[in-house]
>>> print(open('model-v6.csv').read())   # CSV, C-alpha atoms and all ligand atoms
chain,number,residue,atom,x,y,z
A,23,MET,CA,-16.1,-17.0,19.9
A,24,PRO,CA,-14.6,-15.4,16.7
A,25,SER,CA,-11.2,-13.7,17.0
A,26,ILE,CA,-9.2,-11.1,15.2
A,27,TYR,CA,-6.2,-12.4,13.2
A,28,VAL,CA,-3.5,-10.2,11.7
A,29,ILE,CA,-1.6,-11.8,8.8
A,30,HIS,CA,1.8,-10.2,8.2
A,31,GLU,CA,5.5,-10.7,7.6
A,32,ASN,CA,7.1,-7.7,9.2
A,33,ASP,CA,7.1,-7.4,13.0
A,34,ALA,CA,8.3,-3.8,13.0
A,35,TRP,CA,5.3,-2.6,11.1
A,36,VAL,CA,2.8,-4.4,13.3
A,37,GLU,CA,4.2,-2.8,16.5
A,38,PRO,CA,2.0,0.3,16.4
A,39,LEU,CA,-1.0,-1.9,15.7
A,40,ARG,CA,-0.2,-4.1,18.7
A,41,ALA,CA,0.0,-0.9,20.8
A,42,ALA,CA,-3.5,0.1,19.5
A,43,PHE,CA,-5.0,-3.2,20.4
A,44,GLU,CA,-3.5,-3.0,23.9
A,45,GLU,CA,-4.7,0.6,24.4
A,46,LEU,CA,-8.2,-0.5,23.5
A,47,ASP,CA,-7.9,-3.7,25.5
A,48,LEU,CA,-8.8,-5.9,22.5
A,49,PRO,CA,-7.6,-9.5,22.1
A,50,TYR,CA,-6.2,-10.5,18.8
A,51,ALA,CA,-3.7,-13.0,17.3
A,52,GLU,CA,-0.9,-12.7,14.8
A,53,TRP,CA,-0.3,-15.0,11.9
A,54,PHE,CA,3.3,-14.4,10.8
A,55,VAL,CA,3.7,-15.6,7.2
A,56,ALA,CA,7.1,-16.1,5.6
A,57,ASP,CA,8.0,-19.8,5.1
A,58,GLY,CA,5.5,-22.3,6.3
A,59,THR,CA,2.8,-24.7,5.5
A,60,LEU,CA,-0.9,-24.6,4.8
A,61,ASP,CA,-3.0,-27.7,5.1
A,62,PHE,CA,-5.9,-27.4,2.7
A,63,GLY,CA,-7.7,-30.2,4.5
A,64,SER,CA,-7.9,-28.1,7.7
A,65,VAL,CA,-10.6,-25.7,8.6
A,66,PRO,CA,-9.8,-22.1,9.6
A,67,PRO,CA,-10.9,-20.8,13.0
A,68,GLU,CA,-13.9,-18.5,13.2
A,69,GLY,CA,-12.8,-14.9,13.0
A,70,VAL,CA,-11.9,-11.7,11.2
A,71,PHE,CA,-8.7,-12.0,9.2
A,72,TYR,CA,-6.8,-8.8,8.4
A,73,ASN,CA,-4.2,-9.3,5.6
A,74,ARG,CA,-1.2,-7.0,5.9
A,75,MET,CA,1.0,-8.9,3.4
A,76,SER,CA,3.4,-6.4,1.8
A,77,ALA,CA,4.5,-6.0,-1.8
A,78,SER,CA,8.1,-5.4,-0.5
A,79,SER,CA,8.1,-8.7,1.6
A,80,HIS,CA,10.8,-10.1,-0.7
A,81,THR,CA,13.2,-7.3,0.5
A,82,ARG,CA,13.1,-8.7,4.0
A,83,GLY,CA,14.1,-12.2,3.0
A,84,HIS,CA,10.5,-13.4,2.6
A,85,ARG,CA,10.6,-14.1,-1.1
A,86,TYR,CA,7.5,-16.2,-1.3
A,87,ALA,CA,5.5,-14.8,1.6
A,88,ALA,CA,3.0,-13.1,-0.8
A,89,GLU,CA,2.5,-16.3,-2.8
A,90,LEU,CA,1.8,-18.3,0.4
A,91,THR,CA,-0.6,-15.6,1.6
A,92,GLY,CA,-2.4,-15.8,-1.7
A,93,GLY,CA,-3.1,-19.5,-0.9
A,94,ILE,CA,-4.1,-18.7,2.7
A,95,LEU,CA,-6.6,-16.0,1.6
A,96,ALA,CA,-8.1,-18.3,-1.0
A,97,TRP,CA,-8.5,-21.0,1.7
A,98,LEU,CA,-10.1,-18.5,4.1
A,99,GLU,CA,-12.4,-17.2,1.5
A,100,ALA,CA,-13.4,-20.6,0.4
A,101,HIS,CA,-14.5,-21.3,4.0
A,102,GLY,CA,-16.5,-18.1,4.0
A,103,ARG,CA,-14.3,-16.3,6.5
A,104,ARG,CA,-14.4,-12.5,6.8
A,105,VAL,CA,-11.2,-11.3,5.2
A,106,ILE,CA,-10.2,-7.6,5.3
A,107,ASN,CA,-8.0,-7.0,2.2
A,108,ASN,CA,-8.7,-10.2,0.5
A,109,GLY,CA,-7.1,-12.2,-2.3
A,110,LEU,CA,-8.2,-9.6,-4.9
A,111,ALA,CA,-6.6,-6.9,-2.7
A,112,LEU,CA,-3.4,-8.9,-2.5
A,113,SER,CA,-3.3,-9.2,-6.3
A,114,LEU,CA,-3.4,-5.4,-6.5
A,115,GLU,CA,-0.8,-5.0,-3.7
A,116,ILE,CA,1.8,-7.0,-5.6
A,117,SER,CA,1.1,-5.6,-9.1
A,118,LYS,CA,1.0,-2.0,-10.0
A,119,MET,CA,-0.2,-3.1,-13.5
A,120,ALA,CA,-3.3,-4.5,-11.8
A,121,GLN,CA,-3.7,-1.3,-9.7
A,122,TYR,CA,-3.6,0.9,-12.8
A,123,ALA,CA,-6.1,-1.3,-14.7
A,124,GLU,CA,-8.6,-1.2,-11.8
A,125,LEU,CA,-8.1,2.5,-11.1
A,126,SER,CA,-8.7,3.4,-14.7
A,127,ARG,CA,-11.8,1.2,-14.8
A,128,ARG,CA,-13.2,3.3,-11.9
A,129,GLY,CA,-12.5,6.6,-13.8
A,130,ILE,CA,-9.4,7.5,-11.8
A,131,ARG,CA,-6.6,9.0,-13.8
A,132,VAL,CA,-3.2,7.2,-13.7
A,133,PRO,CA,0.1,8.4,-15.3
A,134,HIS,CA,0.8,7.0,-18.8
A,135,THR,CA,2.5,3.7,-18.1
A,136,ILE,CA,4.2,1.1,-20.2
A,137,ALA,CA,5.1,-2.3,-18.7
A,138,ALA,CA,8.1,-4.0,-20.1
A,139,VAL,CA,9.7,-7.4,-19.6
A,140,GLY,CA,13.3,-7.7,-20.9
A,141,ARG,CA,15.9,-5.0,-21.5
A,142,GLU,CA,15.2,-4.7,-25.2
A,143,ALA,CA,11.5,-4.1,-24.5
A,144,LEU,CA,12.3,-1.6,-21.9
A,145,LEU,CA,14.4,0.5,-24.3
A,146,ALA,CA,11.8,0.2,-27.0
A,147,ALA,CA,9.2,1.4,-24.6
A,148,ALA,CA,11.3,4.4,-23.7
A,149,HIS,CA,11.2,5.5,-27.3
A,150,ARG,CA,7.4,5.8,-26.9
A,151,MET,CA,7.6,8.1,-23.9
A,152,PRO,CA,7.1,11.7,-25.1
A,153,GLY,CA,8.7,13.5,-22.1
A,154,ARG,CA,10.7,12.7,-18.9
A,155,PHE,CA,9.8,9.4,-17.5
A,156,ILE,CA,10.5,7.3,-14.4
A,157,THR,CA,11.2,3.6,-14.0
A,158,LYS,CA,9.6,1.6,-11.2
A,159,HIS,CA,9.1,-2.0,-10.2
A,160,ASN,CA,5.8,-3.6,-10.9
A,161,ARG,CA,6.0,-5.3,-7.5
A,162,ALA,CA,7.5,-2.7,-5.2
A,163,GLY,CA,6.7,-0.7,-2.2
A,164,LYS,CA,9.5,1.4,-0.6
A,165,GLY,CA,10.2,3.2,-4.0
A,166,LEU,CA,12.0,0.2,-5.4
A,167,GLY,CA,13.5,0.9,-8.8
A,168,VAL,CA,12.1,4.5,-8.9
A,169,ARG,CA,14.4,6.6,-11.0
A,170,LEU,CA,13.9,9.6,-13.2
A,171,PHE,CA,15.2,9.8,-16.8
A,172,ASP,CA,15.5,12.7,-19.2
A,173,SER,CA,16.2,10.6,-22.3
A,174,VAL,CA,16.3,7.1,-23.8
A,175,GLU,CA,20.1,7.4,-23.8
A,176,ALA,CA,20.1,8.0,-20.1
A,177,LEU,CA,18.0,4.9,-19.6
A,178,GLN,CA,20.3,2.9,-22.0
A,179,ARG,CA,23.3,3.9,-19.9
A,180,TYR,CA,21.5,2.8,-16.7
A,181,VAL,CA,20.4,-0.5,-18.1
A,182,ASP,CA,23.9,-1.3,-19.5
A,183,GLY,CA,25.5,-0.3,-16.2
A,184,GLY,CA,25.8,-2.4,-13.1
A,185,ALA,CA,23.1,-0.5,-11.1
A,186,PHE,CA,20.0,-1.8,-12.9
A,187,GLU,CA,17.9,-4.0,-10.8
A,188,ASP,CA,15.0,-5.9,-12.2
A,189,SER,CA,11.6,-6.1,-10.4
A,190,VAL,CA,11.3,-9.3,-8.5
A,191,ASP,CA,8.5,-10.3,-10.9
A,192,GLY,CA,10.6,-9.2,-13.9
A,193,VAL,CA,8.2,-6.4,-14.9
A,194,THR,CA,9.6,-2.9,-15.1
A,195,LEU,CA,7.2,0.0,-15.6
A,196,LEU,CA,8.1,3.1,-17.5
A,197,GLN,CA,5.9,5.9,-16.4
A,198,GLN,CA,5.2,9.5,-17.4
A,199,TYR,CA,6.9,11.7,-14.8
A,200,ILE,CA,4.4,14.0,-13.1
A,201,GLU,CA,6.1,17.2,-12.2
A,202,ALA,CA,4.5,18.7,-9.1
A,203,PRO,CA,4.9,22.5,-8.8
A,204,ALA,CA,6.0,22.0,-5.1
A,205,PRO,CA,7.8,18.8,-4.0
A,206,TYR,CA,5.0,16.8,-2.4
A,207,ILE,CA,2.6,14.0,-2.9
A,208,THR,CA,-0.7,13.3,-1.1
A,209,ARG,CA,-1.6,10.0,0.5
A,210,VAL,CA,-5.2,9.4,1.3
A,211,GLU,CA,-5.9,6.9,4.1
A,212,PHE,CA,-9.0,4.7,4.3
A,213,VAL,CA,-10.1,2.4,7.1
A,214,GLY,CA,-13.2,0.3,6.9
A,215,GLY,CA,-13.5,1.5,3.3
A,216,LYS,CA,-14.0,5.0,4.5
A,217,PHE,CA,-11.9,8.1,4.3
A,218,LEU,CA,-9.8,8.6,7.4
A,219,TYR,CA,-7.4,11.5,6.5
A,220,ALA,CA,-5.0,12.8,3.8
A,221,VAL,CA,-1.4,13.3,4.6
A,222,ARG,CA,1.0,15.5,2.6
A,223,VAL,CA,4.4,13.9,2.1
A,224,ASP,CA,7.5,16.0,1.3
A,225,THR,CA,9.3,14.4,-1.7
A,226,SER,CA,12.4,16.6,-1.7
A,227,GLN,CA,14.5,13.9,-0.1
A,228,GLY,CA,13.7,11.2,-2.7
A,229,PHE,CA,11.3,8.5,-3.7
A,230,GLU,CA,11.3,6.2,-0.6
A,231,LEU,CA,8.3,7.4,1.2
A,232,CYS,CA,7.3,4.8,3.7
A,233,PRO,CA,5.5,6.5,6.6
A,234,ALA,CA,6.3,3.9,9.2
A,235,ASP,CA,8.6,5.0,12.0
A,236,VAL,CA,11.1,2.3,11.3
A,237,CYS,CA,11.5,3.5,7.8
A,238,GLN,CA,12.4,7.1,8.8
A,239,VAL,CA,15.9,8.1,7.9
A,240,GLY,CA,17.9,9.4,10.8
A,241,ASP,CA,19.3,12.9,11.3
A,242,ALA,CA,22.5,11.8,9.6
A,243,PHE,CA,20.7,11.9,6.3
A,244,CYS,CA,19.4,15.4,6.9
A,245,PRO,CA,21.2,18.1,5.1
A,246,ALA,CA,22.6,20.7,7.6
A,247,GLY,CA,20.1,23.3,8.4
A,248,ALA,CA,17.2,21.1,7.4
A,249,SER,CA,16.1,20.5,10.9
A,250,ALA,CA,14.0,23.8,10.9
A,251,ALA,CA,12.2,22.6,7.7
A,252,ALA,CA,8.6,21.5,7.7
A,253,PRO,CA,8.1,17.9,8.8
A,254,GLN,CA,8.2,15.3,6.0
A,255,PHE,CA,4.6,14.1,6.8
A,256,ARG,CA,1.8,16.5,7.6
A,257,ILE,CA,-1.9,15.5,7.9
A,258,LEU,CA,-4.2,17.9,6.1
A,259,ASN,CA,-6.9,19.6,8.0
A,260,GLY,CA,-10.4,19.0,6.5
A,261,PHE,CA,-9.2,17.5,3.2
A,262,SER,CA,-12.1,16.9,0.8
A,263,HIS,CA,-12.2,16.1,-2.8
A,264,PRO,CA,-14.5,14.3,-5.3
A,265,LEU,CA,-11.8,11.7,-5.8
A,266,ILE,CA,-12.5,10.3,-2.3
A,267,GLU,CA,-15.8,8.9,-3.5
A,268,ARG,CA,-14.1,7.3,-6.5
A,269,TYR,CA,-11.4,5.8,-4.3
A,270,GLN,CA,-14.0,4.4,-2.0
A,271,ARG,CA,-15.8,2.7,-4.9
A,272,PHE,CA,-12.5,1.4,-6.2
A,273,LEU,CA,-11.7,-0.1,-2.7
A,274,ALA,CA,-15.1,-1.7,-2.3
A,275,ALA,CA,-14.9,-3.3,-5.7
A,276,ASN,CA,-11.6,-4.8,-4.9
A,277,GLY,CA,-12.0,-6.3,-1.4
A,278,ILE,CA,-9.9,-3.6,0.2
A,279,GLY,CA,-11.0,-2.3,3.6
A,280,ILE,CA,-7.8,-0.6,4.6
A,281,ALA,CA,-5.4,1.2,2.3
A,282,GLY,CA,-3.4,4.4,1.6
A,283,ILE,CA,-3.7,5.7,-2.0
A,284,GLU,CA,-1.1,8.2,-3.3
A,285,PHE,CA,-1.6,10.9,-5.9
A,286,ILE,CA,0.4,13.8,-7.4
A,287,ALA,CA,-1.0,17.0,-8.8
A,288,ASP,CA,0.8,18.6,-11.7
A,289,GLY,CA,1.2,22.3,-12.5
A,290,GLU,CA,-2.2,22.4,-14.1
A,291,GLY,CA,-3.8,20.9,-11.1
A,292,GLU,CA,-4.5,17.6,-12.9
A,293,ILE,CA,-4.4,14.7,-10.4
A,294,TYR,CA,-2.7,11.4,-11.2
A,295,THR,CA,-3.1,8.4,-8.9
A,296,TYR,CA,-0.1,6.1,-9.0
A,297,ASP,CA,0.1,3.9,-5.9
A,298,VAL,CA,-2.2,1.8,-3.8
A,299,ASN,CA,-0.9,0.5,-0.5
A,300,THR,CA,-3.2,-2.2,1.0
A,301,ASN,CA,-0.5,-2.7,3.7
A,302,THR,CA,-0.5,0.9,4.9
A,303,ASN,CA,1.6,2.5,7.7
A,304,TYR,CA,1.1,5.8,9.5
A,305,ASN,CA,3.5,8.4,10.5
A,306,ALA,CA,3.6,8.8,14.3
A,307,ALA,CA,4.8,12.4,14.5
A,308,ALA,CA,2.2,13.6,11.9
A,309,GLU,CA,-0.6,11.7,13.8
A,310,ALA,CA,0.4,13.1,17.1
A,311,ALA,CA,0.4,16.7,15.7
A,312,ALA,CA,-3.1,16.2,14.2
A,313,GLY,CA,-4.5,14.1,17.0
A,314,VAL,CA,-5.8,11.3,14.7
A,315,TYR,CA,-4.6,7.7,14.9
A,316,GLY,CA,-4.8,5.2,12.1
A,317,MET,CA,-3.9,2.1,14.0
A,318,ARG,CA,-6.5,2.8,16.6
A,319,ALA,CA,-9.1,3.3,13.8
A,320,ILE,CA,-8.0,-0.1,12.4
A,321,ALA,CA,-8.2,-1.9,15.8
A,322,SER,CA,-11.7,-0.5,16.4
A,323,TYR,CA,-12.8,-1.4,12.9
A,324,LEU,CA,-11.6,-5.0,13.2
A,325,GLU,CA,-13.4,-5.2,16.6
A,326,ARG,CA,-16.6,-3.9,15.1
A,327,GLU,CA,-16.3,-6.6,12.3
A,328,ARG,CA,-15.6,-9.3,14.9
A,329,ARG,CA,-18.7,-8.3,16.9
A,330,LYS,CA,-20.9,-8.5,13.8
A,331,LEU,CA,-19.7,-12.1,13.4
A,332,GLU,CA,-20.4,-12.8,17.0
A,333,GLN,CA,-23.9,-11.4,16.6
A,334,SER,CA,-24.7,-13.4,13.5
A,335,GLU,CA,-23.4,-16.6,15.2
A,336,ARG,CA,-25.8,-15.9,18.1
A,337,VAL,CA,-28.7,-15.4,15.8
A,338,ALA,CA,-27.8,-18.6,14.0
A,339,GLU,CA,-27.7,-20.5,17.3
A,340,THR,CA,-31.0,-19.3,18.5
A,341,ALA,CA,-32.7,-19.8,15.1
B,1,LIG,N1,4.7,9.1,-12.2
B,1,LIG,C1,5.4,9.7,-11.2
B,1,LIG,N2,5.8,11.0,-11.3
B,1,LIG,C2,6.5,11.6,-10.4
B,1,LIG,N3,6.9,11.0,-9.2
B,1,LIG,C3,6.5,9.7,-9.0
B,1,LIG,C4,5.7,9.0,-10.0
B,1,LIG,N4,5.5,7.8,-9.5
B,1,LIG,C5,6.1,7.7,-8.4
B,1,LIG,N5,6.7,8.8,-8.0
B,1,LIG,C6,7.5,9.1,-6.8
B,1,LIG,O1,8.1,7.9,-6.4
B,1,LIG,C7,7.6,7.5,-5.1
B,1,LIG,C8,7.5,6.0,-5.1
B,1,LIG,O2,6.7,5.5,-6.2
B,1,LIG,P1,5.4,4.5,-5.9
B,1,LIG,O3,4.7,4.3,-7.2
B,1,LIG,O4,4.6,5.0,-4.8
B,1,LIG,O5,6.2,3.2,-5.5
B,1,LIG,P2,6.1,2.3,-4.2
B,1,LIG,O6,5.0,1.4,-4.4
B,1,LIG,O7,7.4,1.7,-4.2
B,1,LIG,O8,5.9,3.2,-3.0
B,1,LIG,C9,6.3,8.2,-5.0
B,1,LIG,O9,5.8,8.4,-3.7
B,1,LIG,C10,6.6,9.5,-5.7
B,1,LIG,O10,7.2,10.4,-4.8
B,2,MG,MG,4.3,4.6,-2.8
>>> encode(input="model-v6.csv", output="structure tokens")
Amino acid sequence: MPSIYVIHENDAWVEPLRAAFEELDLPYAEWFVADGTLDFGSVPPEGVFYNRMSASSHTRGHRYAAELTGGILAWLEAHGRRVINNGLALSLEISKMAQYAELSRRGIRVPHTIAAVGREALLAAAHRMPGRFITKHNRAGKGLGVRLFDSVEALQRYVDGGAFEDSVDGVTLLQQYIEAPAPYITRVEFVGGKFLYAVRVDTSQGFELCPADVCQVGDAFCPAGASAAAPQFRILNGFSHPLIERYQRFLAANGIGIAGIEFIADGEGEIYTYDVNTNTNYNAAAEAAAGVYGMRAIASYLERERRKLEQSERVAETA
């Protein structure tokens, strides 16, 4: 009988998914990938494999987890296994350059971006940015390397100072800063390639916007008096937009079944898409307030896929 396998490298982020499987009484197995081996002479078990490898895995001491996962996914796919968020998806997860190329190809506007390797190249690129710009790591997640600059000189000071940190893959992106009239971004969640919900995220506290509970900063970080403020994550009621169709086509074309895609709208209402998270997390408080639950949607979707496999195995046996 085919099973469900969850490939990941961060226990804390899988906790809500475990709870969802338990609630729905669905069996599944975890495949924790950090260090390890993969024998290419072996044959993978039958099943549905959900890849949750994260772009920020190196920040948890798992420097080569994404590389090993790339091999595992290639092996699974070579054996014809059903993989949700496959090797193509992983290549986008760990490279914003790849994301922007693919998004643009699907007619989705991305901020003007220049990739640079080496400090000289970075500074040269900054001269070509007409307005305010941000830096970010090509392989990131968690807002790694995201900083706002007003001028080339400011970037020069930063690069010359001790605080500059290179992306783990050596590629820094310089990107047009999109100024939102109000400090928020929108993250659109998809499960099974279909729109689930859109969540508005307050950006007034900075660039690290992981929705997972374990990433939430404690009260100690809240400025006094901020407790009465709107919650940082709020699911939008009845969000609909022509972009959803485009996002769905983009996901289908890139082997992505489950993802959260982030966009910012500027003062003119122009929408810029800037981040694809194939390893997406959901905010528990926002979900409880709205009564929608991403991890349950994922668990049900994986089970539906598993049953399809089971069905086709039966058909094959009786044929
Ligand atoms: N071009 C941009 N203009 C303005 N803010 C941005 C831009 N790109 C990113 N940000 C802000 O920085 C945060 C982190 O950037 P993002 O590209 O999502 O990186 P990560 O993959 O690390 O989450 C975003 O959620 C957003 O608030
Ligand atoms: Mg992001």
>>> closest_residue(input="model-v6.csv", among="A:Asn73, A:Ser25, A:Thr295, A:Ser322", to="ligand LIG 1 (chain B)", atoms="all atoms listed in the file")
A:Thr295
>>> atom_distance(input="model-v6.csv", atom1="CA of Ala96 in chain A", atom2="CA of Ser189 in chain A")
25.0 Å
>>> atom_distance(input="model-v6.csv", atom1="atom P2 of ligand LIG 1 (chain B)", atom2="CA of Glu31 in chain A")
17.6 Å
>>> closest_residue(input="model-v6.csv", among="A:Val221, A:Ile26, A:Ala338, A:Ala77", to="Thr300 in chain A", atoms="all atoms listed in the file")
A:Ala77
>>> closest_residue(input="model-v6.csv", among="A:Glu115, A:Glu142, A:Asp297, A:Glu332", to="ligand MG 2 (chain B)", atoms="only C-alpha atoms and all ligand atoms")
A:Asp297
>>> closest_atom_pairs(input="model-v6.csv", of="chain A", to="ligand LIG 1 (chain B)", cutoff="7 Å", atoms="all atoms listed in the file", output="CSV")
residue,atom,partner,partner_atom,distance
A:Pro133,CA,B:LIG1,N1,5.6
A:Ile156,CA,B:LIG1,N1,6.5
A:Lys158,CA,B:LIG1,O5,6.8
A:Ala162,CA,B:LIG1,O7,4.5
A:Gly163,CA,B:LIG1,O7,3.2
A:Lys164,CA,B:LIG1,O7,4.2
A:Gly165,CA,B:LIG1,O7,3.2
A:Leu166,CA,B:LIG1,O7,5.0
A:Val168,CA,B:LIG1,O1,5.8
A:Gln197,CA,B:LIG1,N1,5.4
A:Gln198,CA,B:LIG1,N1,5.2
A:Tyr199,CA,B:LIG1,N2,3.7
A:Ile200,CA,B:LIG1,N2,3.8
A:Glu201,CA,B:LIG1,C2,5.9
A:Ile207,CA,B:LIG1,O10,6.1
A:Thr225,CA,B:LIG1,O10,5.5
A:Gly228,CA,B:LIG1,O10,6.9
A:Phe229,CA,B:LIG1,C7,4.1
A:Glu230,CA,B:LIG1,C8,5.9
A:Leu231,CA,B:LIG1,O9,5.6
A:Glu284,CA,B:LIG1,O4,6.7
A:Tyr296,CA,B:LIG1,O3,5.4
A:Asp297,CA,B:LIG1,O4,4.8
>>> closest_residue(input="model-v6.csv", among="A:Phe261, A:Tyr122, A:Tyr206, A:Phe171", to="Val298 in chain A", atoms="all atoms listed in the file")
A:Tyr122
>>> closest_residue(input="model-v6.csv", among="A:Ser262, A:Asn301, A:Thr208, A:Gln270", to="Ala88 in chain A", atoms="all atoms listed in the file")
A:Asn301
>>> axis_aligned_box(input="model-v6.csv", around="range 169-179 of chain A", padding_each_side="6 Å", output="AutoDock Vina command-line options")
--center_x 18.6 --center_y 7.8 --center_z -17.4 --size_x 21.4 --size_y 21.8 --size_z 24.8
>>> residues_around(input="model-v6.csv", residues="Pro253 in chain A", least_positions_apart="5", cutoff="9 Å", atoms="all atoms listed in the file", output="ChimeraX atom specification")
/A:223-224,307-308
>>> write_last_selection(input="model-v6.csv", atoms="C-alpha atoms", output="CSV table (one decimal), keeping the file's coordinate frame")
chain,number,residue,atom,x,y,z
A,223,VAL,CA,4.4,13.9,2.1
A,224,ASP,CA,7.5,16.0,1.3
A,307,ALA,CA,4.8,12.4,14.5
A,308,ALA,CA,2.2,13.6,11.9
>>> residues_around(input="model-v6.csv", residues="range 264-267 of chain A", least_positions_apart="3", cutoff="12 Å", atoms="only C-alpha atoms", output="list in words")
Leu125, Arg128, Gly129, Ile130, Arg131, Arg209, Val210, Glu211, Phe212, Gly215, Lys216, Phe217, Leu218, Tyr219, Ala220, Phe261, Gln270, Arg271, Phe272, Leu273, Ala274, Gly282, Ile283, Glu284, Phe285, Glu292, Ile293, Tyr294 and Thr295 of chain A
>>> atom_distance(input="model-v6.csv", atom1="CA of Glu99 in chain A", atom2="CA of Tyr315 in chain A")
29.3 Å
